[in-house]
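Here the structure is laid out as structure tokens; the discussion comes afterwards.
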Amino acid sequence: MATPTTRADGPEDTTTQDGRSSGGRGRTLAEKIWDAHVVRHGEGAEPDLLYIDLHLVHEVTSPQAFEGLRLAGRKVRRPDLTIATEDHNVPTVDTHLPIADPVSRTQVDTLRSNCEEFGVRLHPMGDTEQGIVHVIGPQLGLTQPGMTVVCGDSHTSTHGAFGAMAFGIGTSEVEHVLATQTLPLRPFKTMAVNVNGELRPGVTAKDIILAVIAKIGTGGGQGYVLEYRGSAIESLSMEARMTICNMSIEAGARAGMIAPDETTFRYLQARPHAPAGAQWDDAVAEWRALCTDPDAEFDVEVDIDASRLTPFVTWGTNPGQGLPLSESVPDPELIADETERFAAEKALSYMGLEAGTPLRDIAVDTVFLGSCTNGRIEDLRAAAEVLRGHKVAENVQMLVVPGSMRVREAAEAEGLDTVFLEAGAQWRQAGCSMCLGMNPDQLSPGERSASTSNRNFEGRQGEGGRTHLVSPLVAAATAVRGTLASPEDLTE
Amino acid sequence: MEAFTQHTGIGVPLRRSNVDTDQIIPAVYLKRVSRTGFEDGLFAAWRHDETFVLNQEAFRHGSVLVAGPDFGTGSSREHAVWALMNYGFRVVISARFADIFRGNAGKQGLLTAECEQSDVEQIWKILEHEPGTEVAVDLADMTVRAKDFVTTFTIDDYTRWRLMEGLDDIALTLRHAAEIDAFEGTRPAWKPTTTEAHAG
């Protein structure tokens, strides 16, 4: 039987089993999940206290949180709702050896001793379940619809693809969740991002989200939870949906989410931590009610026509500075807003680009395929398909870094590693790698990359490095041609 | 956390928008396991540039940062707040802050004062005209003063109250431990745990 979602101390607007509001206006998906997790309603200016269903932990944002617990003599309240992995610092070669950088090693060792001391499950380097924190949660079936999921990492929004409320937190909040399994929070505003129409061949989830960010800007989502809706979203696989939700933070949003459907349930069924037997039926019955009511109102709505999208790339130093690949580097002189014009001038100077240069003429030194945005098996398959029968251009190095050891294993079972290696790409171990260059995988000053990751900030991939954000298809085509390209360019 | 009521210190004009957390402190500087010592990584890439504002003697000991809109976008790293505070900053003034950064700042006692962009421009002019000018920020009446220019800023009431009282969030939450227990009693049995696999 479905478990009622109404709580004794819940809001007046009670919920029936089909999820429809019984009075007042309907609720959005985000509001339903919020309401179902309120431990205590704040009085006056005080925030609500929200229960957290899953807490993901990694080595970079947790040491000071565990130290805080130790100093206050506190325990981890729910180690059974907490899981840790090593991802940001880990090398992607020679992983059987100790980490060479002593400071990185200390951080990883600190996570190990903290997990041991506080009883938290950890997947260390070399473990079959190790990988990027946002890849392993869904893979294990730990991320499920209707949950609240947090992690000391802004790309926690990835998990929203399952119809979960998932958001990044700072280290003080990590400590707060470890100690109390709750967070004091004020409700987010809601924004519907309606993406309708059919995507053209060669256009992917990455192109959708880059277009969304270019449209609403890097601050456009501040204070909002984005709900991606519409026929183009419904037709996407779970992995593609994760790519979209992952980059919600690049529009400034706290979270991004997609209502669960049959695609979600099919992905989850039989995963290690998914409900089984009769519990599966209970869970699915409850998950089916997780959608925005027809009479619910969003604070803001944005529309994107998927059928008009083409491969998208960034030219600047924030993810909102993007354009279709067919266009040219913009002229700052033509930007009316002074702040944006100034930002564009700075970006072009940092990127070493001249206004008017066709984006297709930009030559790259490095191609990075991986990250919590595009390091899943479907991403590797798509890139391998483009590379098959081609070679990576001379003077270009291509790094392929699977998002997890399971992804690596699956890719090897399909022979994708051979495709990458035969094309001249490097086949690495799992981790965050060149997305943020905390490990040795970094760009040198002035070096230019086409990267399937999520941020093109100054110095993100290494000091002085220049990043163009692209989809896995564009990454692979760019590796072959040596200049920003889409797979179509290889057949001309 | 130390209580915050008012602060007066040298204002630093940072004429940039979208100052993301990778620029505030690059990832390679995030490897320490303490909350101190992050000042070395603050604006690391820009500090190689002699003309960068913090490399100018008059601004070197600044404690009130006055930045362009969308300050603190990107990563959730609280290290960005620690780096600013370890360096000596107590206040950041901007027309718009990224949500996670603003939350992190509030937990650590770094005041994020939101002003109109036109006020930010006004303060920039004053600070650039006379480098080393002090900016006075009062959280009780929510005002910013630089020379004769006075304006108001906004901050949410709850964060303001916590900052002024110097209260620790965890201690506040633990007052409601009984309600957390009660809530946990209502969670469906099928909700996943990390310790027990059901299927697979």
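Going through the structure tokens in order, the chains are called A, B, and so on, while each chain numbers its residues from 1 and the ligands are numbered from 1 in the order shown.
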
What are the DSSP helix (DSSP H, G or I) residues of range 6-68 of chain B, as a list in words?
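Residues of range 6-68 of chain B classed as helix (DSSP H, G or I): Thr21, Asp22, Gln23, Ile24, Ala27, Val28, Tyr29, Phe38, Glu39, Asp40, Gly41, Trp46, Arg47, His48, Val53, Leu54, Asn55, Glu57, Ala58 and Phe59 of chain B.
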
Within 7 Å of chain B, which residues of chain A come that close, and what is the closest atom pair and distance in Å for each? Count only C-alpha atoms and give it as JSON lines.
{"residue": "A:Thr3", "atom": "CA", "partner": "B:Pro188", "partner_atom": "CA", "distance": 6.7}
{"residue": "A:Val39", "atom": "CA", "partner": "B:Phe183", "partner_atom": "CA", "distance": 5.9}
{"residue": "A:Ala45", "atom": "CA", "partner": "B:Tyr158", "partner_atom": "CA", "distance": 5.4}
{"residue": "A:Glu46", "atom": "CA", "partner": "B:Tyr158", "partner_atom": "CA", "distance": 5.8}
{"residue": "A:Val60", "atom": "CA", "partner": "B:Lys31", "partner_atom": "CA", "distance": 6.7}
{"residue": "A:Thr61", "atom": "CA", "partner": "B:Arg77", "partner_atom": "CA", "distance": 6.7}
{"residue": "A:Pro63", "atom": "CA", "partner": "B:Val33", "partner_atom": "CA", "distance": 5.3}
{"residue": "A:Gln64", "atom": "CA", "partner": "B:Ser34", "partner_atom": "CA", "distance": 5.8}
{"residue": "A:Asp80", "atom": "CA", "partner": "B:Thr194", "partner_atom": "CA", "distance": 5.2}
{"residue": "A:Leu81", "atom": "CA", "partner": "B:Thr193", "partner_atom": "CA", "distance": 5.2}
{"residue": "A:Thr82", "atom": "CA", "partner": "B:Thr194", "partner_atom": "CA", "distance": 6.3}
{"residue": "A:Ile83", "atom": "CA", "partner": "B:Thr194", "partner_atom": "CA", "distance": 6.3}
{"residue": "A:Val103", "atom": "CA", "partner": "B:Lys31", "partner_atom": "CA", "distance": 6.0}
{"residue": "A:Ser104", "atom": "CA", "partner": "B:Lys31", "partner_atom": "CA", "distance": 6.0}
{"residue": "A:Gln107", "atom": "CA", "partner": "B:Lys31", "partner_atom": "CA", "distance": 6.2}
{"residue": "A:Leu142", "atom": "CA", "partner": "B:Pro192", "partner_atom": "CA", "distance": 6.2}
{"residue": "A:Gly152", "atom": "CA", "partner": "B:Ser76", "partner_atom": "CA", "distance": 6.5}
{"residue": "A:Asp153", "atom": "CA", "partner": "B:Ser76", "partner_atom": "CA", "distance": 5.4}
{"residue": "A:Ser154", "atom": "CA", "partner": "B:Ser76", "partner_atom": "CA", "distance": 4.9}
{"residue": "A:Gly168", "atom": "CA", "partner": "B:Ser76", "partner_atom": "CA", "distance": 6.2}
{"residue": "A:Ile169", "atom": "CA", "partner": "B:Ser76", "partner_atom": "CA", "distance": 5.9}
{"residue": "A:Gly170", "atom": "CA", "partner": "B:Glu78", "partner_atom": "CA", "distance": 5.2}
{"residue": "A:Thr171", "atom": "CA", "partner": "B:Glu78", "partner_atom": "CA", "distance": 5.8}
{"residue": "A:Ser172", "atom": "CA", "partner": "B:Lys107", "partner_atom": "CA", "distance": 6.6}
{"residue": "A:His176", "atom": "CA", "partner": "B:Ile170", "partner_atom": "CA", "distance": 5.7}
{"residue": "A:Gly219", "atom": "CA", "partner": "B:Asp70", "partner_atom": "CA", "distance": 6.4}
{"residue": "A:Gln222", "atom": "CA", "partner": "B:Asp99", "partner_atom": "CA", "distance": 6.4}
{"residue": "A:Gly223", "atom": "CA", "partner": "B:Asp99", "partner_atom": "CA", "distance": 6.5}
{"residue": "A:Ile249", "atom": "CA", "partner": "B:Gly74", "partner_atom": "CA", "distance": 6.9}
{"residue": "A:Glu250", "atom": "CA", "partner": "B:Gly74", "partner_atom": "CA", "distance": 6.5}
{"residue": "A:Gly252", "atom": "CA", "partner": "B:Ala98", "partner_atom": "CA", "distance": 6.6}
{"residue": "A:Ala270", "atom": "CA", "partner": "B:Gly200", "partner_atom": "CA", "distance": 5.2}
{"residue": "A:Arg271", "atom": "CA", "partner": "B:Gly200", "partner_atom": "CA", "distance": 5.2}
{"residue": "A:Pro272", "atom": "CA", "partner": "B:Gly200", "partner_atom": "CA", "distance": 4.0}
{"residue": "A:His273", "atom": "CA", "partner": "B:Ala197", "partner_atom": "CA", "distance": 4.7}
{"residue": "A:Ala274", "atom": "CA", "partner": "B:Ala199", "partner_atom": "CA", "distance": 6.4}
{"residue": "A:Pro275", "atom": "CA", "partner": "B:Trp190", "partner_atom": "CA", "distance": 5.7}
{"residue": "A:Ala276", "atom": "CA", "partner": "B:Ala199", "partner_atom": "CA", "distance": 5.6}
{"residue": "A:Gln279", "atom": "CA", "partner": "B:Trp190", "partner_atom": "CA", "distance": 5.8}
{"residue": "A:Ala283", "atom": "CA", "partner": "B:Trp190", "partner_atom": "CA", "distance": 6.9}
{"residue": "A:Thr339", "atom": "CA", "partner": "B:Ser17", "partner_atom": "CA", "distance": 6.9}
{"residue": "A:Ala343", "atom": "CA", "partner": "B:Ser17", "partner_atom": "CA", "distance": 6.8}
{"residue": "A:Leu436", "atom": "CA", "partner": "B:Ala27", "partner_atom": "CA", "distance": 6.5}
{"residue": "A:Met438", "atom": "CA", "partner": "B:Val28", "partner_atom": "CA", "distance": 5.2}
{"residue": "A:Phe457", "atom": "CA", "partner": "B:Asp22", "partner_atom": "CA", "distance": 6.9}
{"residue": "A:Glu458", "atom": "CA", "partner": "B:Gln23", "partner_atom": "CA", "distance": 6.8}
{"residue": "A:Arg460", "atom": "CA", "partner": "B:Asp22", "partner_atom": "CA", "distance": 6.2}
{"residue": "A:Glu463", "atom": "CA", "partner": "B:Ala45", "partner_atom": "CA", "distance": 6.9}

Could you give me the residues within range 34-241 of chain A that DSSP places in strand (DSSP E or B), as an MDAnalysis selection string?
chainID A and resid 38:40 48:51 54:57 82:85 121:123 131 148:151 165:168 182:185 189:196 224:229

Take the residues just selected and output them with C-alpha atoms as a tab-separated table (two decimals), in the first residue's frame.
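Output file again_9.tsv is given in full below:
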chain	number	residue	atom	x	y	z
A	38	VAL	CA	9.37	19.56	7.06
A	39	VAL	CA	10.36	18.45	10.56
A	40	ARG	CA	9.34	21.76	11.99
A	48	ASP	CA	11.84	25.52	8.23
A	49	LEU	CA	13.79	22.54	9.48
A	50	LEU	CA	14.03	20.00	6.65
A	51	TYR	CA	14.85	16.29	6.97
A	54	LEU	CA	20.69	11.04	1.79
A	55	HIS	CA	24.02	12.74	2.51
A	56	LEU	CA	26.88	12.21	0.07
A	57	VAL	CA	30.38	13.00	1.30
A	82	THR	CA	25.48	8.79	4.66
A	83	ILE	CA	27.97	7.54	2.07
A	84	ALA	CA	31.46	8.75	1.14
A	85	THR	CA	33.74	8.39	-1.86
A	121	ARG	CA	30.57	3.73	4.47
A	122	LEU	CA	33.42	4.74	2.16
A	123	HIS	CA	34.38	3.74	-1.38
A	131	GLY	CA	33.70	7.18	-8.58
A	148	THR	CA	16.05	15.19	-0.21
A	149	VAL	CA	19.71	14.72	-1.17
A	150	VAL	CA	22.61	16.93	-0.15
A	151	CYS	CA	26.38	16.96	-0.60
A	165	MET	CA	15.22	17.72	-4.22
A	166	ALA	CA	19.00	17.72	-4.39
A	167	PHE	CA	21.29	20.64	-3.69
A	168	GLY	CA	24.84	21.57	-2.82
A	182	THR	CA	18.39	18.12	9.00
A	183	LEU	CA	18.99	21.59	7.57
A	184	PRO	CA	17.33	24.92	8.39
A	185	LEU	CA	16.13	26.26	5.04
A	189	LYS	CA	11.07	29.90	-5.48
A	190	THR	CA	9.99	27.76	-8.43
A	191	MET	CA	10.78	28.12	-12.12
A	192	ALA	CA	9.40	25.93	-14.91
A	193	VAL	CA	11.78	25.38	-17.81
A	194	ASN	CA	9.54	24.07	-20.60
A	195	VAL	CA	11.50	22.32	-23.33
A	196	ASN	CA	9.22	21.13	-26.11
A	224	TYR	CA	14.95	29.04	-7.60
A	225	VAL	CA	14.42	25.35	-8.04
A	226	LEU	CA	14.15	24.69	-11.77
A	227	GLU	CA	11.71	22.04	-12.94
A	228	TYR	CA	12.52	20.87	-16.47
A	229	ARG	CA	9.35	19.82	-18.26

Neighbours of range 417-432 of chain A within 8 Å (only C-alpha atoms; same-chain residues fewer than 2 positions away dropped), as JSON, numbers by chain?
{"A": [86, 87, 88, 89, 90, 91, 92, 93, 95, 130, 131, 132, 370, 371, 372, 384, 387, 388, 389, 390, 391, 392, 397, 398, 399, 400, 401, 402, 403, 404, 405, 408, 411, 412, 415, 434, 435, 436, 437]}

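If you count only C-alpha atoms and ignore residues fewer than 5 places along the chain from range 109-112 of chain B, what sits within 7 Å of it is Met1, Glu2, Arg90, Val91, Val92, Ile93, Arg102 and Leu163 of chain B.
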
Do you know which residues are at most 12 Å from Asp138 in chain B counting only C-alpha atoms, after dropping those on the same chain fewer than 4 positions away, and could you put them as a PyMOL selection string?
chain B and resi 4-9+90-91+111-113+142-146+150-155+160+163-164

One decimal, Å: what's the distance from CA of Ala30 in chain A over to CA of Pro294 in chain A, could you say?
13.9 Å

Can you work out which one of A:Leu236, A:Gly220, A:Gly126, A:Val135 has the shortest atom-to-atom distance to Val407 in chain A, counting only C-alpha atoms?
A:Val135

Show which residues sit within 8 Å of Ser248 in chain A, as a PyMOL selection string. Count only C-alpha atoms, and ignore same-chain residues fewer than 3 positions away.
chain A and resi 157+209+221+226+244-245+251-256

Tell me which protein, DNA and RNA residues are within 10 Å of Leu69 in chain A, counting only C-alpha atoms, leaving out same-chain ones fewer than 4 positions away, and put them as a PyMOL selection string.
chain A and resi 64-65+73-76+118+175-176+178-179

For Met247 in chain A, the nearest of the candidates A:Ala479, A:Ala410, A:Ala164, A:Leu469, counting only C-alpha atoms
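Smallest separation from Met247 in chain A among the options: A:Leu469.
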